[in-house]
file final_6.csv (CSV, C-alpha atoms)
chain,number,residue,atom,x,y,z
F,1,MET,CA,23.6,-9.3,-13.1
F,2,ASP,CA,24.6,-8.1,-16.5
F,3,GLU,CA,24.4,-4.5,-17.6
F,4,ALA,CA,21.2,-4.8,-19.7
F,5,LEU,CA,19.3,-6.3,-16.8
F,6,ILE,CA,20.6,-3.5,-14.4
F,7,LEU,CA,19.4,-0.9,-16.9
F,8,ARG,CA,16.0,-2.6,-17.3
F,9,GLY,CA,15.6,-2.9,-13.5
F,10,GLY,CA,16.7,0.7,-13.1
F,11,LEU,CA,14.0,1.8,-15.5
F,12,ILE,CA,11.4,-0.3,-13.6
F,13,VAL,CA,12.4,1.4,-10.4
F,14,ALA,CA,12.2,4.8,-12.0
F,15,ALA,CA,8.8,4.0,-13.5
F,16,LEU,CA,7.5,2.9,-10.1
F,17,ALA,CA,8.9,6.0,-8.4
F,18,ALA,CA,7.3,8.3,-11.1
F,19,ALA,CA,3.9,6.5,-10.8
F,20,THR,CA,4.0,6.8,-7.0
F,21,MET,CA,4.9,10.5,-7.1
F,22,LEU,CA,2.3,11.2,-9.6
F,23,THR,CA,-0.4,9.7,-7.4
F,24,ARG,CA,0.8,11.7,-4.4
F,25,PHE,CA,1.3,15.1,-6.0
F,26,LEU,CA,-1.6,15.2,-8.4
F,27,PRO,CA,-4.2,16.4,-5.9
F,28,PHE,CA,-2.0,19.3,-4.9
F,29,ILE,CA,-1.4,20.2,-8.5
F,30,LEU,CA,-5.1,19.9,-9.6
F,31,PHE,CA,-6.5,21.6,-6.6
F,32,PRO,CA,-4.3,24.5,-5.6
F,33,GLN,CA,-5.3,26.7,-2.7
F,34,GLY,CA,-8.8,28.1,-2.9
F,35,LYS,CA,-10.1,25.8,-5.6
F,36,LYS,CA,-13.1,23.7,-4.8
F,37,ILE,CA,-12.9,19.9,-5.2
F,38,PRO,CA,-15.6,18.6,-7.6
F,39,ASP,CA,-18.3,16.3,-6.0
F,40,TYR,CA,-17.5,13.4,-8.3
F,41,VAL,CA,-13.8,13.5,-7.2
F,42,GLU,CA,-14.8,13.6,-3.6
F,43,TYR,CA,-17.2,10.7,-4.1
F,44,LEU,CA,-14.4,8.7,-5.7
F,45,GLY,CA,-12.2,9.6,-2.8
F,46,LYS,CA,-14.7,8.0,-0.5
F,47,THR,CA,-15.4,4.8,-2.5
F,48,LEU,CA,-12.4,3.9,-4.6
F,49,PRO,CA,-9.9,3.1,-1.8
F,50,TYR,CA,-12.3,0.4,-0.6
F,51,ALA,CA,-12.7,-1.2,-4.0
F,52,THR,CA,-8.9,-1.0,-4.7
F,53,ILE,CA,-8.1,-3.0,-1.5
F,54,GLY,CA,-10.6,-5.6,-2.6
F,55,LEU,CA,-8.8,-5.8,-6.0
F,56,LEU,CA,-5.4,-6.1,-4.3
F,57,VAL,CA,-6.6,-9.0,-2.2
F,58,VAL,CA,-7.8,-10.8,-5.3
F,59,TYR,CA,-4.5,-9.8,-7.0
F,60,CYS,CA,-2.5,-11.7,-4.3
F,61,LEU,CA,-4.7,-14.8,-4.6
F,62,LYS,CA,-5.0,-14.8,-8.4
F,63,ASP,CA,-2.8,-17.8,-8.9
F,64,VAL,CA,-4.6,-20.0,-6.4
F,65,ASP,CA,-6.2,-23.0,-8.1
F,66,VAL,CA,-9.0,-24.6,-6.1
F,67,TRP,CA,-9.3,-27.5,-8.6
F,68,SER,CA,-5.8,-29.0,-8.3
F,69,GLY,CA,-2.7,-29.2,-6.0
F,70,SER,CA,-3.6,-28.2,-2.5
F,71,HIS,CA,-7.0,-26.9,-3.7
F,72,GLY,CA,-6.2,-23.4,-2.2
F,73,LEU,CA,-6.5,-24.8,1.3
F,74,PRO,CA,-3.4,-23.1,2.8
F,75,GLU,CA,-4.6,-19.7,1.4
F,76,ILE,CA,-8.2,-20.3,2.6
F,77,ILE,CA,-7.1,-21.4,6.1
F,78,ALA,CA,-4.6,-18.5,6.5
F,79,VAL,CA,-7.0,-15.8,5.2
F,80,ALA,CA,-9.7,-17.1,7.5
F,81,VAL,CA,-7.4,-17.1,10.5
F,82,ILE,CA,-6.2,-13.5,9.7
F,83,VAL,CA,-9.8,-12.2,9.4
F,84,VAL,CA,-10.9,-13.8,12.6
F,85,LEU,CA,-7.8,-12.8,14.5
F,86,HIS,CA,-8.0,-9.2,13.2
F,87,TRP,CA,-11.7,-8.9,13.9
F,88,TRP,CA,-11.1,-10.0,17.4
F,89,LYS,CA,-7.8,-8.3,18.4
F,90,GLY,CA,-7.5,-5.5,15.9
F,91,ASN,CA,-3.7,-5.7,16.0
F,92,SER,CA,-2.3,-5.5,12.5
F,93,LEU,CA,1.1,-6.7,13.3
F,94,LEU,CA,-0.2,-9.7,15.2
F,95,SER,CA,-2.6,-10.6,12.4
F,96,ILE,CA,0.0,-10.3,9.6
F,97,GLY,CA,2.7,-12.0,11.6
F,98,ALA,CA,0.6,-15.0,12.8
F,99,GLY,CA,-1.1,-15.3,9.3
F,100,THR,CA,2.3,-15.4,7.5
F,101,VAL,CA,3.9,-17.9,9.9
F,102,LEU,CA,0.9,-20.1,9.7
F,103,TYR,CA,0.9,-20.0,5.9
F,104,MET,CA,4.6,-20.8,5.8
F,105,ALA,CA,4.1,-23.8,8.1
F,106,LEU,CA,1.1,-25.0,5.9
F,107,VAL,CA,3.0,-24.8,2.6
F,108,GLN,CA,6.3,-26.1,4.0
F,109,ALA,CA,5.1,-28.9,6.3
F,110,VAL,CA,1.4,-29.8,5.7
F,111,PHE,CA,0.5,-29.3,2.0
F,112,VAL,CA,3.8,-30.3,0.4
D,113,MET,CA,19.6,21.2,16.9
D,114,ASP,CA,17.7,24.3,18.1
D,115,LYS,CA,15.1,24.1,20.8
D,116,GLU,CA,12.1,24.4,18.5
D,117,LYS,CA,13.1,21.5,16.3
D,118,ALA,CA,14.0,19.3,19.3
D,119,ALA,CA,10.6,20.0,20.9
D,120,ALA,CA,8.9,19.0,17.7
D,121,LEU,CA,10.9,15.8,17.6
D,122,ARG,CA,10.1,14.9,21.2
D,123,TYR,CA,6.4,15.4,20.4
D,124,ALA,CA,6.5,13.5,17.1
D,125,PHE,CA,8.5,10.4,18.0
D,126,PRO,CA,5.9,8.7,20.3
D,127,LYS,CA,3.3,9.1,17.6
D,128,THR,CA,5.5,7.1,15.2
D,129,VAL,CA,6.2,4.1,17.5
D,130,PRO,CA,3.3,1.9,16.2
D,131,VAL,CA,4.5,2.6,12.6
D,132,MET,CA,8.1,1.8,13.7
D,133,VAL,CA,7.2,-1.7,14.8
D,134,GLY,CA,5.2,-2.3,11.6
D,135,TYR,CA,7.7,-0.9,9.2
D,136,LEU,CA,10.7,-2.7,10.7
D,137,PHE,CA,8.8,-6.0,10.5
D,138,LEU,CA,7.2,-5.5,7.0
D,139,GLY,CA,10.4,-3.8,5.8
D,140,ALA,CA,12.5,-6.7,6.9
D,141,ALA,CA,10.2,-9.2,5.2
D,142,TYR,CA,10.5,-7.1,2.0
D,143,GLY,CA,14.3,-6.9,2.2
D,144,ILE,CA,14.5,-10.7,2.6
D,145,LEU,CA,12.1,-11.2,-0.4
D,146,MET,CA,14.3,-9.0,-2.5
D,147,LYS,CA,17.4,-10.9,-1.5
D,148,VAL,CA,15.7,-14.3,-2.2
D,149,ASN,CA,14.9,-13.0,-5.7
D,150,GLY,CA,18.5,-11.9,-6.3
D,151,PHE,CA,18.3,-8.1,-5.5
D,152,GLY,CA,20.9,-6.7,-3.1
D,153,ILE,CA,21.2,-3.7,-0.9
D,154,TRP,CA,21.4,-1.0,-3.7
D,155,TRP,CA,18.1,-2.1,-5.2
D,156,VAL,CA,16.5,-2.1,-1.8
D,157,LEU,CA,17.9,1.4,-1.1
D,158,ALA,CA,16.6,2.7,-4.4
D,159,MET,CA,13.2,1.2,-3.9
D,160,SER,CA,12.7,2.2,-0.2
D,161,GLY,CA,14.3,5.6,-0.8
D,162,LEU,CA,12.7,6.7,-4.1
D,163,VAL,CA,9.5,4.6,-4.5
D,164,TYR,CA,8.7,4.4,-0.8
D,165,ALA,CA,5.3,2.7,-1.1
D,166,GLY,CA,4.9,-0.6,0.8
D,167,SER,CA,2.4,-2.5,-1.3
D,168,LEU,CA,3.9,-1.4,-4.6
D,169,GLN,CA,7.3,-2.4,-3.4
D,170,TYR,CA,6.1,-5.9,-2.6
D,171,VAL,CA,4.4,-6.2,-6.0
D,172,GLY,CA,7.6,-4.7,-7.4
D,173,VAL,CA,9.6,-7.7,-6.3
D,174,THR,CA,7.6,-9.8,-8.8
D,175,LEU,CA,7.9,-7.0,-11.4
D,176,LEU,CA,11.7,-6.9,-11.0
D,177,ALA,CA,12.1,-10.6,-10.8
D,178,SER,CA,10.3,-11.1,-14.2
D,179,MET,CA,11.8,-7.8,-15.6
D,180,VAL,CA,8.5,-6.6,-17.0
D,181,SER,CA,8.3,-3.6,-19.3
D,182,PRO,CA,8.7,-0.3,-17.4
D,183,VAL,CA,5.4,0.9,-19.0
D,184,TYR,CA,3.6,-2.0,-17.4
D,185,GLY,CA,5.4,-1.2,-14.1
D,186,PHE,CA,4.2,2.4,-14.4
D,187,LEU,CA,0.6,1.4,-15.0
D,188,MET,CA,0.7,-1.1,-12.2
D,189,GLY,CA,2.2,1.6,-9.9
D,190,LEU,CA,-0.6,4.1,-10.9
D,191,MET,CA,-3.3,1.5,-10.1
D,192,ILE,CA,-1.9,0.2,-6.9
D,193,ASN,CA,-1.2,3.7,-5.6
D,194,ALA,CA,-4.4,5.3,-6.9
D,195,ARG,CA,-5.6,5.4,-3.3
D,196,HIS,CA,-2.9,8.0,-2.6
D,197,LEU,CA,-4.9,10.5,-4.8
D,198,PHE,CA,-7.5,10.3,-2.1
D,199,TYR,CA,-5.2,10.7,0.8
D,200,GLY,CA,-3.9,13.7,-1.0
D,201,ILE,CA,-7.4,15.1,-1.4
D,202,SER,CA,-7.9,14.6,2.4
D,203,MET,CA,-4.6,16.3,3.1
D,204,LEU,CA,-5.2,19.4,0.9
D,205,GLY,CA,-6.3,21.6,3.7
D,206,ARG,CA,-3.4,20.5,6.0
D,207,TYR,CA,-0.5,20.6,3.5
D,208,ARG,CA,-1.5,23.2,0.9
D,209,GLY,CA,-0.2,26.2,2.8
D,210,LEU,CA,3.1,24.8,4.0
D,211,LYS,CA,6.4,26.2,2.7
D,212,LYS,CA,9.6,24.5,4.0
D,213,PHE,CA,9.1,20.8,3.6
D,214,ARG,CA,5.9,20.7,1.5
D,215,ASN,CA,7.3,18.6,-1.3
D,216,TYR,CA,9.0,16.0,0.9
D,217,LEU,CA,5.8,15.7,3.0
D,218,ILE,CA,3.7,15.0,-0.1
D,219,PHE,CA,6.3,12.6,-1.4
D,220,ALA,CA,6.4,10.7,1.9
D,221,LEU,CA,2.6,10.4,2.3
D,222,THR,CA,2.3,6.6,2.7
D,223,ASP,CA,-0.8,4.8,4.2
D,224,GLU,CA,0.8,4.7,7.6
D,225,THR,CA,2.1,8.3,7.6
D,226,PHE,CA,-1.3,9.5,6.4
D,227,SER,CA,-3.0,7.6,9.2
D,228,VAL,CA,-0.8,9.3,11.8
D,229,VAL,CA,-0.9,12.8,10.3
D,230,CYS,CA,-4.5,13.0,9.3
D,231,GLY,CA,-5.8,12.9,12.9
D,232,GLU,CA,-3.0,15.0,14.3
D,233,ARG,CA,-3.7,18.2,16.3
D,234,VAL,CA,-0.4,19.8,16.8
D,235,PRO,CA,-0.3,22.1,19.9
D,236,LEU,CA,0.0,25.7,19.1
D,237,ARG,CA,3.4,26.1,20.9
D,238,LEU,CA,5.0,23.8,18.4
D,239,ASP,CA,6.0,24.4,14.8
D,240,LYS,CA,3.5,22.1,13.0
D,241,GLU,CA,5.6,21.9,9.8
D,242,TRP,CA,8.5,20.4,11.8
D,243,VAL,CA,6.2,18.0,13.6
D,244,TYR,CA,4.9,16.8,10.2
D,245,LEU,CA,8.5,16.5,8.9
D,246,TRP,CA,9.7,14.4,11.9
D,247,ILE,CA,6.7,12.1,11.6
D,248,SER,CA,7.3,11.6,7.9
D,249,LEU,CA,11.0,11.4,8.1
D,250,LEU,CA,11.2,9.0,11.0
D,251,ASN,CA,8.7,6.7,9.3
D,252,GLN,CA,10.7,6.6,6.2
D,253,LEU,CA,13.9,5.9,8.2
D,254,TYR,CA,12.2,2.9,9.9
D,255,TRP,CA,11.1,1.6,6.5
D,256,VAL,CA,14.6,2.0,5.0
D,257,ALA,CA,16.3,0.5,8.1
D,258,GLY,CA,13.9,-2.5,8.1
D,259,SER,CA,14.3,-3.3,4.4
D,260,VAL,CA,18.0,-2.9,4.4
D,261,GLY,CA,18.4,-4.9,7.6
D,262,GLY,CA,16.2,-7.7,6.1
D,263,ASN,CA,18.2,-7.6,2.9
D,264,ILE,CA,21.5,-8.1,4.8
D,265,MET,CA,19.9,-10.8,7.1
D,266,GLY,CA,18.5,-12.5,4.0
D,267,GLY,CA,22.1,-13.2,2.9
D,268,PHE,CA,22.9,-15.2,6.1
D,269,MET,CA,19.7,-17.0,6.7
D,270,ASN,CA,19.4,-20.6,5.9
D,271,PHE,CA,15.7,-21.2,6.8
D,272,ASP,CA,13.2,-21.9,4.1
D,273,THR,CA,11.5,-18.7,3.0
D,274,LYS,CA,8.8,-20.5,1.0
D,275,GLY,CA,5.5,-18.7,1.7
D,276,LEU,CA,7.0,-15.6,3.1
D,277,ASP,CA,5.5,-13.5,0.3
D,278,PHE,CA,2.1,-14.3,1.9
D,279,ALA,CA,2.9,-11.3,4.2
D,280,LEU,CA,1.6,-9.1,1.4
D,281,THR,CA,-1.6,-11.0,1.2
D,282,ALA,CA,-1.9,-10.8,4.9
D,283,LEU,CA,-1.4,-7.0,4.8
D,284,PHE,CA,-4.2,-6.5,2.3
D,285,VAL,CA,-6.5,-8.8,4.1
D,286,VAL,CA,-5.9,-6.8,7.3
D,287,ILE,CA,-6.5,-3.5,5.6
D,288,PHE,CA,-9.7,-5.0,4.0
D,289,THR,CA,-10.9,-6.2,7.4
D,290,ASP,CA,-10.2,-2.8,9.0
D,291,GLN,CA,-12.1,-1.0,6.2
D,292,TRP,CA,-15.0,-3.4,6.4
D,293,LYS,CA,-15.3,-2.7,10.2
D,294,SER,CA,-15.1,1.1,9.8
D,295,GLN,CA,-17.7,1.3,7.0
D,296,LYS,CA,-21.4,0.9,6.9
D,297,ASP,CA,-21.6,0.8,3.1
D,298,HIS,CA,-19.8,-2.4,2.0
D,299,ARG,CA,-20.7,-2.0,-1.7
D,300,PRO,CA,-17.4,-0.4,-2.8
D,301,ALA,CA,-15.4,-3.2,-1.2
D,302,LEU,CA,-17.7,-5.9,-2.7
D,303,VAL,CA,-17.5,-4.3,-6.2
D,304,GLY,CA,-13.7,-4.4,-5.9
D,305,VAL,CA,-13.7,-8.1,-5.1
D,306,PHE,CA,-16.5,-9.0,-7.6
D,307,CYS,CA,-15.0,-7.1,-10.6
D,308,SER,CA,-11.6,-8.6,-9.9
D,309,VAL,CA,-12.8,-12.2,-9.6
D,310,VAL,CA,-14.9,-11.9,-12.7
D,311,CYS,CA,-11.9,-10.4,-14.6
D,312,VAL,CA,-9.5,-13.1,-13.4
D,313,LYS,CA,-12.0,-15.7,-14.9
D,314,VAL,CA,-12.4,-13.8,-18.2
D,315,TRP,CA,-8.9,-12.4,-18.9
D,316,GLY,CA,-6.8,-14.7,-16.8
D,317,ALA,CA,-4.5,-14.0,-13.8
D,318,GLY,CA,-1.9,-12.1,-15.9
D,319,ALA,CA,-4.1,-9.5,-17.5
D,320,PHE,CA,-7.1,-8.9,-15.2
D,321,ILE,CA,-6.0,-5.7,-13.5
D,322,ILE,CA,-6.8,-3.1,-16.1
D,323,PRO,CA,-10.2,-4.5,-17.0
D,324,ALA,CA,-11.0,-4.9,-13.3
D,325,MET,CA,-10.0,-1.3,-12.5
D,326,ALA,CA,-12.1,-0.1,-15.5
D,327,GLY,CA,-15.1,-2.1,-14.3
D,328,ILE,CA,-14.8,-0.7,-10.8
D,329,LEU,CA,-14.7,2.8,-12.1
D,330,VAL,CA,-17.7,2.3,-14.4
D,331,ILE,CA,-19.9,0.7,-11.6
D,332,LEU,CA,-19.0,3.4,-9.1
D,333,SER,CA,-19.7,6.2,-11.6
D,334,VAL,CA,-23.0,4.7,-12.5
D,335,TRP,CA,-24.0,4.7,-8.8
D,336,TYR,CA,-22.8,8.2,-8.5
D,337,LYS,CA,-25.0,9.3,-11.4
D,338,GLY,CA,-27.9,7.4,-9.9
D,339,LYS,CA,-27.4,9.0,-6.5
D,340,LYS,CA,-27.2,12.5,-8.1
D,341,LYS,CA,-30.5,11.9,-10.0
D,342,GLY,CA,-32.1,10.7,-6.8
D,343,VAL,CA,-31.0,13.8,-4.9
D,344,LYS,CA,-32.2,16.1,-7.7
D,345,SER,CA,-35.7,14.5,-7.9
D,346,PHE,CA,-36.1,14.9,-4.2
D,347,GLY,CA,-34.7,18.4,-4.0
call {"tool": "encode", "arguments": {"input": "final_6.csv", "output": "structure tokens"}}
result
Amino acid sequence: MDEALILRGGLIVAALAAATMLTRFLPFILFPQGKKIPDYVEYLGKTLPYATIGLLVVYCLKDVDVWSGSHGLPEIIAVAVIVVLHWWKGNSLLSIGAGTVLYMALVQAVFV
Amino acid sequence: MDKEKAAALRYAFPKTVPVMVGYLFLGAAYGILMKVNGFGIWWVLAMSGLVYAGSLQYVGVTLLASMVSPVYGFLMGLMINARHLFYGISMLGRYRGLKKFRNYLIFALTDETFSVVCGERVPLRLDKEWVYLWISLLNQLYWVAGSVGGNIMGGFMNFDTKGLDFALTALFVVIFTDQWKSQKDHRPALVGVFCSVVCVKVWGAGAFIIPAMAGILVILSVWYKGKKKGVKSFG
């Protein structure tokens, strides 16, 4: 890797670290001991995490094209299996492991 | 190690075992992905040591592989980790008064560490600050060990890793399912999916995140206003 790329990559790592620390420290900076948390912030605290995970699921699947190629079938099958397995067993590791292996088998052997 | 610290460690370790299994596995998958994309052990150490945020690190593989602008990386980091704001708000009472390790404890507040610590009732005989430190530190050690191990293994492996990055999708689908089961009100989750799908259609896969996040905030805020008005007119 040449120096310019290492520098650029280092800046990306620093940016990700700074963004993460900001999200983790901000509440403690904004609401020091004894200060009341506004209702609106508390409301966002109860709703935003759920919306964000929905967004992240879509983020992961954003490049799936149902109109061409494998028509998104490997993704649809794997996501369905993960949801059913997780609803039933509630074991995160099992759901993630089985879902990933199934997906890998589908894209490597079935929908090639 | 003196007695007090050892006692805190003995108490903390069993609590971290489920996280250990998950972090070694997900960390290894992350390390392999980094290797496959041409990033070796120092990159993995920097990411797992300094960023230490699972979902962002996974997304970070793509960000690094395409060498995006650091500003874009920063915004992406803020959005993906915005949920930490709310972990922080829930932990205010617990962490605000701490002295010794407060900054590290806040730095290391990942989803999994939060899930272990937020329900924790440390027995009075133990120093709770040491218990929190052991839980947080052990978890980060698992994550670093998993990701470095995976990165080294990735150099020797000759199996086809195509589709391995689906582990990230699987992780989010699992969290989504857990949240769905634990909540009565599914509207926030549905708003997240709905806004994102609409924005992918309108702005395309490469540029949907910022409008989607804005849309989510607007809809949630409108509901909040509506709820407030409703309460006022009844009260």
call {"tool": "atom_distance", "arguments": {"input": "final_6.csv", "atom1": "atom CA of His71 of chain F", "atom2": "atom CA of Val107 of chain F"}}
result
12.0 Å
call {"tool": "closest_residue", "arguments": {"input": "final_6.csv", "among": "D:Trp155, D:Tyr184, D:Trp246, D:Phe125", "to": "Ala319 of chain D", "atoms": "all atoms listed in the file"}}
result
D:Tyr184
call {"tool": "residues_around", "arguments": {"input": "final_6.csv", "residues": "Asn251 of chain D", "least_positions_apart": "5", "cutoff": "9 Å", "atoms": "all atoms listed in the file", "output": "ChimeraX atom specification"}}
result
/D:128-129,131-132,135,220,224-225,246,256
call {"tool": "closest_residue", "arguments": {"input": "final_6.csv", "among": "F:Gly34, F:Gly72, F:Gly10, F:Pro49", "to": "chain D", "atoms": "only C-alpha atoms"}}
result
F:Pro49
call {"tool": "residues_around", "arguments": {"input": "final_6.csv", "residues": "Ile321 of chain D", "least_positions_apart": "3", "cutoff": "9 Å", "atoms": "all atoms listed in the file", "output": "VMD selection string"}}
result
(chain F and resid 55 59) or (chain D and resid 188 191 308 311 to 312 317 to 318 324 to 326)
call {"tool": "closest_residue", "arguments": {"input": "final_6.csv", "among": "F:Ala4, F:Met21, F:Val83, F:Gly9", "to": "Leu190 of chain D", "atoms": "all atoms listed in the file"}}
result
F:Met21
call {"tool": "closest_residue", "arguments": {"input": "final_6.csv", "among": "D:Phe288, D:Trp335, D:Tyr170, D:Phe198", "to": "Leu26 of chain F", "atoms": "only C-alpha atoms"}}
result
D:Phe198
call {"tool": "residues_near_point", "arguments": {"input": "final_6.csv", "point": "(0.0, 8.0, -1.8)", "cutoff": "9 Å", "atoms": "only C-alpha atoms", "output": "MDAnalysis selection string"}}
result
(chainID F and resid 20:25) or (chainID D and resid 165 193:200 218:223 226)
call {"tool": "write_last_selection", "arguments": {"input": "final_6.csv", "atoms": "C-alpha atoms", "output": "compact mmCIF listing (two decimals), in the frame of the given file"}}
result
# COMPACT_ATOMS: atom_id res chain seq x y z
CA THR F 20 4.00 6.80 -7.00
CA MET F 21 4.90 10.50 -7.10
CA LEU F 22 2.30 11.20 -9.60
CA THR F 23 -0.40 9.70 -7.40
CA ARG F 24 0.80 11.70 -4.40
CA PHE F 25 1.30 15.10 -6.00
CA ALA D 165 5.30 2.70 -1.10
CA ASN D 193 -1.20 3.70 -5.60
CA ALA D 194 -4.40 5.30 -6.90
CA ARG D 195 -5.60 5.40 -3.30
CA HIS D 196 -2.90 8.00 -2.60
CA LEU D 197 -4.90 10.50 -4.80
CA PHE D 198 -7.50 10.30 -2.10
CA TYR D 199 -5.20 10.70 0.80
CA GLY D 200 -3.90 13.70 -1.00
CA ILE D 218 3.70 15.00 -0.10
CA PHE D 219 6.30 12.60 -1.40
CA ALA D 220 6.40 10.70 1.90
CA LEU D 221 2.60 10.40 2.30
CA THR D 222 2.30 6.60 2.70
CA ASP D 223 -0.80 4.80 4.20
CA PHE D 226 -1.30 9.50 6.40
call {"tool": "atom_distance", "arguments": {"input": "final_6.csv", "atom1": "atom CA of Arg299 of chain D", "atom2": "atom CA of Ile53 of chain F"}}
result
12.6 Å
call {"tool": "closest_residue", "arguments": {"input": "final_6.csv", "among": "F:Leu102, F:Tyr50, F:Glu42, F:Leu73", "to": "chain D", "atoms": "only C-alpha atoms"}}
result
F:Tyr50
call {"tool": "closest_residue", "arguments": {"input": "final_6.csv", "among": "D:Ile144, D:Val334, D:Val286, D:Leu176", "to": "Ile96 of chain F", "atoms": "only C-alpha atoms"}}
result
D:Val286
call {"tool": "residues_around", "arguments": {"input": "final_6.csv", "residues": "Asn263 of chain D", "least_positions_apart": "2", "cutoff": "12 Å", "atoms": "only C-alpha atoms", "output": "PyMOL selection string"}}
result
chain D and resi 136+138-157+160+256-261+265-269
call {"tool": "decode", "arguments": {"input": "final_6.csv", "residues": "segment 294-345 of chain D", "atoms": "C-alpha atoms", "output": "mmCIF file, in the first residue's frame"}}
result
data_model
loop_
_atom_site.group_PDB
_atom_site.id
_atom_site.type_symbol
_atom_site.label_atom_id
_atom_site.label_comp_id
_atom_site.auth_asym_id
_atom_site.auth_seq_id
_atom_site.Cartn_x
_atom_site.Cartn_y
_atom_site.Cartn_z
ATOM 1 C CA SER D 294 -39.395 -6.886 22.990
ATOM 2 C CA GLN D 295 -41.560 -3.966 21.837
ATOM 3 C CA LYS D 296 -45.303 -3.492 21.657
ATOM 4 C CA ASP D 297 -45.078 -0.386 19.491
ATOM 5 C CA HIS D 298 -43.562 -1.395 16.143
ATOM 6 C CA ARG D 299 -43.953 2.017 14.499
ATOM 7 C CA PRO D 300 -40.371 3.244 15.093
ATOM 8 C CA ALA D 301 -38.946 0.060 13.522
ATOM 9 C CA LEU D 302 -41.359 0.306 10.586
ATOM 10 C CA VAL D 303 -40.562 3.996 10.061
ATOM 11 C CA GLY D 304 -36.868 3.085 9.886
ATOM 12 C CA VAL D 305 -37.452 0.463 7.196
ATOM 13 C CA PHE D 306 -40.036 2.523 5.298
ATOM 14 C CA CYS D 307 -37.994 5.760 5.121
ATOM 15 C CA SER D 308 -34.889 3.840 4.081
ATOM 16 C CA VAL D 309 -36.608 1.874 1.306
ATOM 17 C CA VAL D 310 -38.245 5.030 -0.060
ATOM 18 C CA CYS D 311 -34.922 6.904 0.046
ATOM 19 C CA VAL D 312 -33.059 4.054 -1.704
ATOM 20 C CA LYS D 313 -35.645 4.317 -4.500
ATOM 21 C CA VAL D 314 -35.437 8.118 -4.714
ATOM 22 C CA TRP D 315 -31.737 8.863 -4.068
ATOM 23 C CA GLY D 316 -30.169 5.514 -4.961
ATOM 24 C CA ALA D 317 -28.167 3.036 -2.892
ATOM 25 C CA GLY D 318 -25.124 5.311 -2.616
ATOM 26 C CA ALA D 319 -26.781 8.398 -1.158
ATOM 27 C CA PHE D 320 -29.879 7.308 0.739
ATOM 28 C CA ILE D 321 -28.605 7.339 4.323
ATOM 29 C CA ILE D 322 -28.670 11.053 5.077
ATOM 30 C CA PRO D 323 -32.173 11.703 3.656
ATOM 31 C CA ALA D 324 -33.438 8.526 5.345
ATOM 32 C CA MET D 325 -32.083 9.608 8.739
ATOM 33 C CA ALA D 326 -33.611 13.071 8.280
ATOM 34 C CA GLY D 327 -36.961 11.537 7.317
ATOM 35 C CA ILE D 328 -36.928 9.279 10.372
ATOM 36 C CA LEU D 329 -36.185 12.211 12.692
ATOM 37 C CA VAL D 330 -38.955 14.313 11.142
ATOM 38 C CA ILE D 331 -41.604 11.589 11.436
ATOM 39 C CA LEU D 332 -40.629 10.706 15.018
ATOM 40 C CA SER D 333 -40.644 14.393 15.988
ATOM 41 C CA VAL D 334 -44.067 14.956 14.426
ATOM 42 C CA TRP D 335 -45.413 12.024 16.444
ATOM 43 C CA TYR D 336 -43.804 13.417 19.586
ATOM 44 C CA LYS D 337 -45.525 16.787 19.022
ATOM 45 C CA GLY D 338 -48.821 15.018 18.386
ATOM 46 C CA LYS D 339 -48.458 12.987 21.558
ATOM 47 C CA LYS D 340 -47.647 16.083 23.601
ATOM 48 C CA LYS D 341 -50.686 17.916 22.286
ATOM 49 C CA GLY D 342 -52.841 14.894 23.034
ATOM 50 C CA VAL D 343 -51.582 14.775 26.607
ATOM 51 C CA LYS D 344 -52.147 18.508 27.053
ATOM 52 C CA SER D 345 -55.718 18.451 25.802
#
